[in-house]
>>> print(open('query_19.csv').read())   # CSV, C-alpha atoms
chain,number,residue,atom,x,y,z
A,117,ILE,CA,0.0,0.0,0.0
A,118,ASP,CA,1.5,3.3,-1.2
A,119,THR,CA,1.1,6.6,0.6
A,120,ALA,CA,3.1,9.7,1.5
A,121,ASP,CA,3.3,12.2,4.3
A,122,MET,CA,2.0,15.1,2.2
A,123,TYR,CA,-1.1,13.3,0.9
A,124,SER,CA,-3.9,15.4,2.5
A,125,SER,CA,-1.3,16.7,4.9
A,126,GLY,CA,-0.8,13.4,6.7
A,127,ARG,CA,-4.5,12.4,6.8
A,128,SER,CA,-3.8,9.6,4.3
A,129,GLU,CA,-1.3,8.0,6.6
A,130,GLU,CA,-3.6,8.4,9.6
A,131,MET,CA,-6.5,6.7,7.8
A,132,LEU,CA,-4.2,3.8,6.6
A,133,GLY,CA,-2.9,3.4,10.1
A,134,ASN,CA,-6.4,3.1,11.6
A,135,ALA,CA,-7.5,0.7,8.8
A,136,LEU,CA,-4.6,-1.7,9.4
A,137,GLN,CA,-5.0,-2.1,13.2
A,138,ASN,CA,-6.8,-5.4,13.0
A,139,HIS,CA,-4.4,-6.9,10.3
A,140,ASN,CA,-1.2,-8.8,10.7
A,141,ARG,CA,1.5,-6.2,10.1
A,142,ASP,CA,3.8,-8.8,8.4
A,143,ASP,CA,1.2,-9.5,5.8
A,144,VAL,CA,1.2,-5.9,4.6
A,145,VAL,CA,3.8,-4.0,2.6
A,146,ILE,CA,3.6,-0.3,3.5
A,147,ALA,CA,5.4,2.3,1.5
A,148,SER,CA,5.5,6.0,2.3
A,149,LYS,CA,7.5,9.1,1.2
A,150,CYS,CA,9.0,12.3,2.3
A,151,CYS,CA,10.4,15.5,0.8
A,152,PHE,CA,7.6,18.0,0.1
A,153,ARG,CA,6.6,20.7,2.5
A,154,MET,CA,4.6,19.7,5.5
A,155,SER,CA,4.2,23.0,7.3
A,156,GLU,CA,5.3,26.7,7.0
A,157,GLY,CA,8.4,25.9,9.1
A,158,ALA,CA,11.6,26.7,7.3
A,159,ASN,CA,13.1,23.2,7.7
A,160,ASP,CA,9.9,21.2,7.2
A,161,LYS,CA,10.7,20.0,3.7
A,162,GLY,CA,13.4,18.6,1.6
A,163,LEU,CA,15.9,15.7,2.1
A,164,SER,CA,18.2,17.0,4.8
A,165,ARG,CA,19.0,14.8,7.7
A,166,LYS,CA,16.9,17.0,10.0
A,167,HIS,CA,13.8,16.7,7.9
A,168,ILE,CA,14.1,13.0,7.0
A,169,ILE,CA,14.4,12.1,10.7
A,170,LYS,CA,11.4,14.2,11.6
A,171,ALA,CA,9.4,13.0,8.6
A,172,ILE,CA,9.9,9.2,9.3
A,173,ASP,CA,9.0,9.6,13.0
A,174,ASN,CA,5.8,11.5,12.2
A,175,SER,CA,4.9,9.0,9.5
A,176,LEU,CA,5.4,6.0,11.8
A,177,LYS,CA,3.2,7.7,14.4
A,178,ARG,CA,0.4,8.4,12.0
A,179,LEU,CA,0.6,4.9,10.5
A,180,LYS,CA,0.8,3.3,14.0
A,181,THR,CA,3.6,1.0,13.1
A,182,ASP,CA,7.2,0.5,14.2
A,183,TYR,CA,8.7,0.3,10.7
A,184,LEU,CA,8.0,0.9,7.0
A,185,ASP,CA,8.8,-1.7,4.4
A,186,LEU,CA,9.7,0.9,1.8
A,187,TYR,CA,10.6,4.5,2.4
A,188,GLN,CA,11.0,6.7,-0.7
A,189,VAL,CA,12.3,10.2,-1.3
A,190,HIS,CA,9.3,11.9,-3.0
A,191,GLY,CA,11.4,14.0,-5.4
A,192,PRO,CA,14.8,15.7,-5.8
A,193,ASP,CA,16.1,18.2,-3.3
A,194,TRP,CA,18.4,20.5,-5.2
A,195,PHE,CA,19.9,22.1,-2.0
A,196,THR,CA,20.9,19.0,0.0
A,197,PRO,CA,24.1,17.0,-0.9
A,198,MET,CA,23.3,13.5,-2.1
A,199,GLU,CA,25.7,12.1,0.5
A,200,GLU,CA,23.7,13.6,3.3
A,201,THR,CA,20.4,12.2,2.0
A,202,MET,CA,21.7,8.7,1.4
A,203,THR,CA,23.6,8.4,4.7
A,204,SER,CA,20.5,9.6,6.6
A,205,LEU,CA,18.4,6.9,4.9
A,206,ASP,CA,21.0,4.3,5.6
A,207,ASP,CA,20.9,5.2,9.3
A,208,LEU,CA,17.1,4.6,9.3
A,209,VAL,CA,17.6,1.2,7.9
A,210,HIS,CA,20.1,0.2,10.6
A,211,GLN,CA,17.8,1.7,13.2
A,212,GLY,CA,15.1,-0.7,12.1
A,213,LYS,CA,12.7,2.1,11.1
A,214,ILE,CA,12.7,1.2,7.4
A,215,ARG,CA,13.5,-2.0,5.5
A,216,TYR,CA,14.3,-0.7,2.0
A,217,ILE,CA,14.8,2.7,0.4
A,218,GLY,CA,13.5,4.0,-3.0
A,219,CYS,CA,13.1,7.2,-5.0
A,220,SER,CA,10.3,8.9,-6.8
A,221,ASN,CA,10.4,11.4,-9.7
A,222,TYR,CA,14.2,11.4,-9.9
A,223,TYR,CA,16.0,12.0,-13.2
A,224,GLY,CA,18.0,9.1,-14.6
A,225,TRP,CA,21.3,10.6,-13.7
A,226,GLN,CA,20.1,11.2,-10.1
A,227,ILE,CA,19.2,7.6,-9.7
A,228,VAL,CA,22.7,6.5,-10.9
A,229,LYS,CA,24.5,9.2,-8.8
A,230,ALA,CA,22.6,8.3,-5.6
A,231,ASN,CA,23.5,4.6,-5.9
A,232,MET,CA,27.1,5.4,-6.8
A,233,VAL,CA,27.4,7.7,-3.7
A,234,SER,CA,26.0,4.9,-1.6
A,235,GLU,CA,28.3,2.3,-3.1
A,236,LYS,CA,31.3,4.5,-2.5
A,237,LEU,CA,30.3,5.1,1.1
A,238,GLY,CA,29.1,1.5,1.8
A,239,LYS,CA,25.6,2.6,2.4
A,240,GLU,CA,22.1,1.2,1.4
A,241,LYS,CA,21.1,1.8,-2.2
A,242,PHE,CA,17.8,2.6,-3.8
A,243,ILE,CA,15.9,-0.6,-4.8
A,244,SER,CA,12.9,1.0,-6.5
A,245,ALA,CA,11.8,4.0,-8.4
A,246,GLN,CA,8.3,5.5,-8.6
A,247,HIS,CA,7.4,7.4,-11.7
A,248,LEU,CA,4.6,8.6,-13.9
A,249,TYR,CA,4.2,6.0,-16.6
A,250,ASN,CA,1.3,5.0,-18.8
A,251,LEU,CA,0.3,4.4,-22.4
A,252,VAL,CA,0.2,8.1,-23.2
A,253,ARG,CA,3.0,9.4,-21.0
A,254,ARG,CA,6.1,7.3,-21.9
A,255,ASP,CA,8.9,9.8,-21.2
A,256,ILE,CA,10.7,7.5,-18.8
A,257,GLU,CA,11.5,5.0,-21.5
A,258,ARG,CA,14.3,7.4,-22.7
A,259,GLU,CA,16.6,7.5,-19.7
A,260,ILE,CA,14.8,6.6,-16.4
A,261,LEU,CA,13.9,3.0,-17.2
A,262,PRO,CA,17.4,2.3,-18.7
A,263,ALA,CA,18.9,3.8,-15.5
A,264,CYS,CA,16.7,1.6,-13.3
A,265,VAL,CA,17.7,-1.5,-15.3
A,266,ASP,CA,21.4,-0.5,-15.0
A,267,GLN,CA,21.1,-0.1,-11.2
A,268,GLY,CA,18.7,-3.0,-10.6
A,269,LEU,CA,15.8,-0.9,-9.4
A,270,GLY,CA,12.2,-2.0,-9.7
A,271,MET,CA,9.8,0.4,-11.4
A,272,LEU,CA,6.5,1.3,-9.6
A,273,CYS,CA,4.2,3.2,-12.0
A,274,TRP,CA,2.0,5.9,-10.6
A,275,SER,CA,-1.0,7.2,-12.6
A,276,PRO,CA,-1.0,4.0,-14.8
A,277,LEU,CA,-4.5,4.9,-16.1
A,278,ALA,CA,-3.6,8.6,-16.7
A,279,GLY,CA,-5.9,9.8,-14.1
A,280,GLY,CA,-8.7,7.7,-15.6
A,281,PHE,CA,-8.2,9.0,-19.1
A,282,LEU,CA,-7.4,5.5,-20.3
A,283,SER,CA,-10.6,4.1,-19.0
A,284,GLY,CA,-12.2,5.2,-22.3
A,285,ARG,CA,-15.0,7.3,-20.6
A,286,TYR,CA,-13.7,10.6,-22.1
A,287,LYS,CA,-14.6,11.7,-25.6
A,288,ARG,CA,-12.9,14.0,-28.1
A,289,ASN,CA,-14.3,17.6,-28.1
A,290,GLU,CA,-16.8,16.8,-25.4
A,291,GLU,CA,-17.2,18.3,-21.9
A,292,ILE,CA,-15.6,16.3,-19.1
A,293,PRO,CA,-18.3,14.6,-17.0
A,294,ASP,CA,-19.0,16.1,-13.6
A,295,GLY,CA,-17.8,14.1,-10.7
A,296,SER,CA,-15.1,12.3,-12.8
A,297,ARG,CA,-11.6,12.2,-11.4
A,298,ILE,CA,-10.3,14.5,-14.1
A,299,SER,CA,-13.1,17.0,-13.5
A,300,PHE,CA,-11.3,17.8,-10.2
A,301,ARG,CA,-7.9,18.1,-11.9
A,302,LYS,CA,-8.7,19.8,-15.1
A,303,ASN,CA,-5.8,22.2,-14.9
A,304,ILE,CA,-3.4,19.3,-14.5
A,305,ASP,CA,-4.7,16.4,-16.5
A,306,VAL,CA,-6.3,18.2,-19.5
A,307,PRO,CA,-3.1,19.7,-20.8
A,308,LYS,CA,-1.2,16.5,-20.1
A,309,TYR,CA,-3.6,14.0,-21.8
A,310,PHE,CA,-6.3,15.6,-23.9
A,311,ASN,CA,-4.7,15.7,-27.3
A,312,ASP,CA,-5.4,13.9,-30.6
A,313,LYS,CA,-2.5,11.4,-30.3
A,314,ALA,CA,-3.7,10.4,-26.8
A,315,PHE,CA,-7.2,9.9,-28.1
A,316,ASP,CA,-5.9,7.8,-30.9
A,317,VAL,CA,-4.4,5.5,-28.2
A,318,VAL,CA,-7.8,5.3,-26.5
A,319,ASP,CA,-9.5,4.4,-29.8
A,320,GLU,CA,-7.1,1.5,-30.3
A,321,LEU,CA,-7.6,0.4,-26.7
A,322,LYS,CA,-11.4,0.2,-27.4
A,323,LEU,CA,-10.8,-1.9,-30.5
A,324,VAL,CA,-8.5,-4.3,-28.7
A,325,SER,CA,-10.9,-4.4,-25.8
A,326,GLN,CA,-13.7,-5.7,-28.1
A,327,GLU,CA,-11.3,-8.4,-29.4
A,328,VAL,CA,-10.1,-9.8,-26.1
A,329,GLY,CA,-13.1,-9.1,-23.9
A,330,LYS,CA,-11.2,-6.9,-21.4
A,331,THR,CA,-11.9,-3.3,-20.4
A,332,PRO,CA,-9.6,-0.5,-21.6
A,333,SER,CA,-8.5,0.0,-18.0
A,334,GLN,CA,-7.4,-3.6,-17.7
A,335,LEU,CA,-5.6,-3.5,-21.1
A,336,SER,CA,-3.7,-0.3,-20.0
A,337,LEU,CA,-2.5,-2.0,-16.9
A,338,ALA,CA,-1.6,-5.2,-18.7
A,339,TRP,CA,0.4,-3.1,-21.2
A,340,LEU,CA,2.6,-1.8,-18.4
A,341,LEU,CA,3.0,-5.2,-16.7
A,342,TYR,CA,4.0,-6.8,-20.0
A,343,ASP,CA,7.3,-5.0,-19.7
A,344,GLN,CA,9.6,-7.0,-17.3
A,345,ARG,CA,11.2,-3.7,-16.2
A,346,VAL,CA,7.9,-2.8,-14.5
A,347,THR,CA,7.6,-4.3,-11.0
A,348,SER,CA,4.1,-3.1,-10.2
A,349,VAL,CA,1.4,-0.4,-10.9
A,350,ILE,CA,-0.1,1.9,-8.3
A,351,ILE,CA,-3.8,1.8,-8.6
A,352,GLY,CA,-6.3,4.2,-6.9
A,353,PRO,CA,-9.8,2.6,-7.2
A,354,LYS,CA,-12.8,4.6,-5.9
A,355,ASN,CA,-14.9,1.6,-5.1
A,356,LEU,CA,-14.9,-2.2,-4.8
A,357,GLU,CA,-16.1,-2.7,-8.4
A,358,GLN,CA,-13.0,-0.8,-9.7
A,359,LEU,CA,-10.7,-2.7,-7.4
A,360,GLU,CA,-12.0,-6.1,-8.6
A,361,ASP,CA,-11.8,-5.0,-12.2
A,362,THR,CA,-8.2,-4.0,-11.6
A,363,LEU,CA,-7.1,-7.2,-9.8
A,364,GLU,CA,-8.4,-9.3,-12.6
A,365,VAL,CA,-5.3,-8.1,-14.6
A,366,SER,CA,-3.1,-10.4,-12.5
A,367,GLU,CA,-4.8,-13.4,-13.9
A,368,TRP,CA,-3.9,-13.0,-17.6
A,369,ASN,CA,-1.2,-11.6,-19.8
A,370,LEU,CA,-1.3,-9.3,-22.9
A,371,ASN,CA,0.0,-11.0,-26.0
A,372,ALA,CA,2.8,-9.6,-28.0
A,373,ASN,CA,0.7,-8.5,-31.0
A,374,HIS,CA,-1.7,-6.5,-28.9
A,375,HIS,CA,1.2,-4.9,-26.9
A,376,GLU,CA,2.8,-3.8,-30.2
A,377,ARG,CA,-0.4,-2.4,-31.6
A,378,LEU,CA,-0.9,-0.3,-28.5
A,379,SER,CA,2.7,0.8,-28.3
A,380,SER,CA,2.8,1.9,-31.9
A,381,LYS,CA,-0.1,4.3,-31.6
A,382,LEU,CA,2.1,6.9,-29.9
A,383,ASP,CA,5.7,8.0,-30.6
A,384,PHE,CA,7.1,9.2,-27.3
>>> encode(input="query_19.csv", output="structure tokens")
Amino acid sequence: IDTADMYSSGRSEEMLGNALQNHNRDDVVIASKCCFRMSEGANDKGLSRKHIIKAIDNSLKRLKTDYLDLYQVHGPDWFTPMEETMTSLDDLVHQGKIRYIGCSNYYGWQIVKANMVSEKLGKEKFISAQHLYNLVRRDIEREILPACVDQGLGMLCWSPLAGGFLSGRYKRNEEIPDGSRISFRKNIDVPKYFNDKAFDVVDELKLVSQEVGKTPSQLSLAWLLYDQRVTSVIIGPKNLEQLEDTLEVSEWNLNANHHERLSSKLDF
């Protein structure tokens, strides 16, 4: 289960912590993140030793757990030396507060540099990266995915359905339905996804959907999981029906022909 300290200013972690109280902790993999500003305090952001230590302690308290399975830096900190960040994370591993470390939204060169710094100092390395990746946003194929392969990092894809765009519910030149996910994020998702090439991908998704009897959403997730460089996709279902629809993807594989057809609809 993926969360972060800045999601709803900590409320996401609190809700997750409450929800997991009656579950066996060892049966759950919990991942969280730090970096973004949590208050108006001058030091309450970034990847300095001071903020990382404060952030992990606060996350553990909200999540009501003694440790996190995966702790990720949520994005680059351009003002803190990489050595300080990596040694601070290493300290948390040896203190038992976290099991593994990962990064999110790093550039390819930052992934390599971070792990080279850790190797030089004999510290823990990143084992995963979390990035925006879906059928219509494939930028990471240029440098980030190759960097992850080189460094042995697993890829965790966020927004694998492009904020719901790849569900097929949105139409060219039509108003966005009220209450839809993108209706709450028009200023972010419309410029990012609503273009002719992206709608061409959706049109192809619908054609393949009719052929194989799977939904466009399922096909979009299966397209990602077809790539062995992808470890997992981060889903955000709004209800049980969406969750069950998503989990069905684990029971079958996209074939090579359909993967190629979908891939060829967009030059990244």
>>> closest_atom_pairs(input="query_19.csv", of="region 217-277 of chain A", to="region 329-342 of chain A", cutoff="8 Å", atoms="only C-alpha atoms", output="tab-separated table")
residue	atom	partner	partner_atom	distance
A:Asn250	CA	A:Leu340	CA	6.9
A:Leu251	CA	A:Ser336	CA	6.6
A:Pro276	CA	A:Leu337	CA	6.5
A:Leu277	CA	A:Ser336	CA	6.5
>>> residues_around(input="query_19.csv", residues="Asn221 (chain A)", least_positions_apart="6", cutoff="7 Å", atoms="all atoms listed in the file", output="PyMOL selection string")
chain A and resi 190-191+246-247
>>> write_last_selection(input="query_19.csv", atoms="C-alpha atoms", output="mmCIF file, in the frame of the given file")
data_model
loop_
_atom_site.group_PDB
_atom_site.id
_atom_site.type_symbol
_atom_site.label_atom_id
_atom_site.label_comp_id
_atom_site.auth_asym_id
_atom_site.auth_seq_id
_atom_site.Cartn_x
_atom_site.Cartn_y
_atom_site.Cartn_z
ATOM 1 C CA HIS A 190 9.300 11.900 -3.000
ATOM 2 C CA GLY A 191 11.400 14.000 -5.400
ATOM 3 C CA GLN A 246 8.300 5.500 -8.600
ATOM 4 C CA HIS A 247 7.400 7.400 -11.700
#
>>> closest_atom_pairs(input="query_19.csv", of="region 151-209 of chain A", to="region 222-236 of chain A", cutoff="9 Å", atoms="all atoms listed in the file", output="tab-separated table")
residue	atom	partner	partner_atom	distance
A:Val189	CA	A:Tyr222	CA	8.9
A:His190	CA	A:Tyr222	CA	8.5
A:Gly191	CA	A:Tyr222	CA	5.9
A:Pro192	CA	A:Tyr222	CA	6.0
A:Met198	CA	A:Ala230	CA	6.3
A:Glu199	CA	A:Val233	CA	6.3
A:Thr201	CA	A:Ala230	CA	8.8
A:Met202	CA	A:Ser234	CA	6.5
A:Thr203	CA	A:Ser234	CA	7.6
A:Asp206	CA	A:Ser234	CA	8.8
>>> residues_near_point(input="query_19.csv", point="(18.0, -1.1, -2.5)", cutoff="9 Å", atoms="only C-alpha atoms", output="PyMOL selection string")
chain A and resi 216-218+231+240-244+268-269
>>> write_last_selection(input="query_19.csv", atoms="C-alpha atoms", output="mmCIF file, in the coordinates of the input")
data_model
loop_
_atom_site.group_PDB
_atom_site.id
_atom_site.type_symbol
_atom_site.label_atom_id
_atom_site.label_comp_id
_atom_site.auth_asym_id
_atom_site.auth_seq_id
_atom_site.Cartn_x
_atom_site.Cartn_y
_atom_site.Cartn_z
ATOM 1 C CA TYR A 216 14.300 -0.700 2.000
ATOM 2 C CA ILE A 217 14.800 2.700 0.400
ATOM 3 C CA GLY A 218 13.500 4.000 -3.000
ATOM 4 C CA ASN A 231 23.500 4.600 -5.900
ATOM 5 C CA GLU A 240 22.100 1.200 1.400
ATOM 6 C CA LYS A 241 21.100 1.800 -2.200
ATOM 7 C CA PHE A 242 17.800 2.600 -3.800
ATOM 8 C CA ILE A 243 15.900 -0.600 -4.800
ATOM 9 C CA SER A 244 12.900 1.000 -6.500
ATOM 10 C CA GLY A 268 18.700 -3.000 -10.600
ATOM 11 C CA LEU A 269 15.800 -0.900 -9.400
#
>>> residues_near_point(input="query_19.csv", point="(12.3, 1.7, 9.2)", cutoff="10 Å", atoms="all atoms listed in the file", output="MDAnalysis selection string")
chainID A and resid 172:173 176 181:187 205:217
>>> closest_residue(input="query_19.csv", among="A:Glu327, A:Asp343, A:Glu200, A:Asp142", to="Ile169 (chain A)", atoms="only C-alpha atoms")
A:Glu200
>>> closest_residue(input="query_19.csv", among="A:Trp194, A:Tyr249, A:Phe152, A:Phe310", to="Glu290 (chain A)", atoms="only C-alpha atoms")
A:Phe310
>>> closest_residue(input="query_19.csv", among="A:Ser148, A:Asn355, A:Asn303, A:Gln137", to="Tyr123 (chain A)", atoms="all atoms listed in the file")
A:Ser148
>>> atom_distance(input="query_19.csv", atom1="CA of Cys151 (chain A)", atom2="CA of Gly270 (chain A)")
20.5 Å
>>> residues_around(input="query_19.csv", residues="Phe281 (chain A)", least_positions_apart="2", cutoff="12 Å", atoms="all atoms listed in the file", output="ChimeraX atom specification")
/A:250-253,275-279,283-288,292-293,296-299,301-302,305-311,314-315,317-319,321,332-333,336
>>> atom_distance(input="query_19.csv", atom1="CA of Leu359 (chain A)", atom2="CA of Ala372 (chain A)")
25.6 Å
>>> closest_residue(input="query_19.csv", among="A:Leu378, A:Ile304, A:Cys273, A:Val145", to="Ile351 (chain A)", atoms="only C-alpha atoms")
A:Cys273
>>> closest_residue(input="query_19.csv", among="A:Leu323, A:Met122, A:Met131, A:Ile350", to="Gly162 (chain A)", atoms="all atoms listed in the file")
A:Met122
>>> closest_residue(input="query_19.csv", among="A:Leu163, A:Gln188, A:Leu136, A:Glu130", to="Ser175 (chain A)", atoms="all atoms listed in the file")
A:Glu130
>>> residues_around(input="query_19.csv", residues="Asp121 (chain A)", least_positions_apart="4", cutoff="7 Å", atoms="all atoms listed in the file", output="list in words")
Ser125, Gly126, Glu129, Ser148, Lys149, Cys150 and Ser175 of chain A
>>> atom_distance(input="query_19.csv", atom1="CA of Asn134 (chain A)", atom2="CA of Leu272 (chain A)")
24.9 Å
>>> residues_around(input="query_19.csv", residues="Asp160 (chain A)", least_positions_apart="6", cutoff="10 Å", atoms="only C-alpha atoms", output="ChimeraX atom specification")
/A:151-154,166-168,170-171
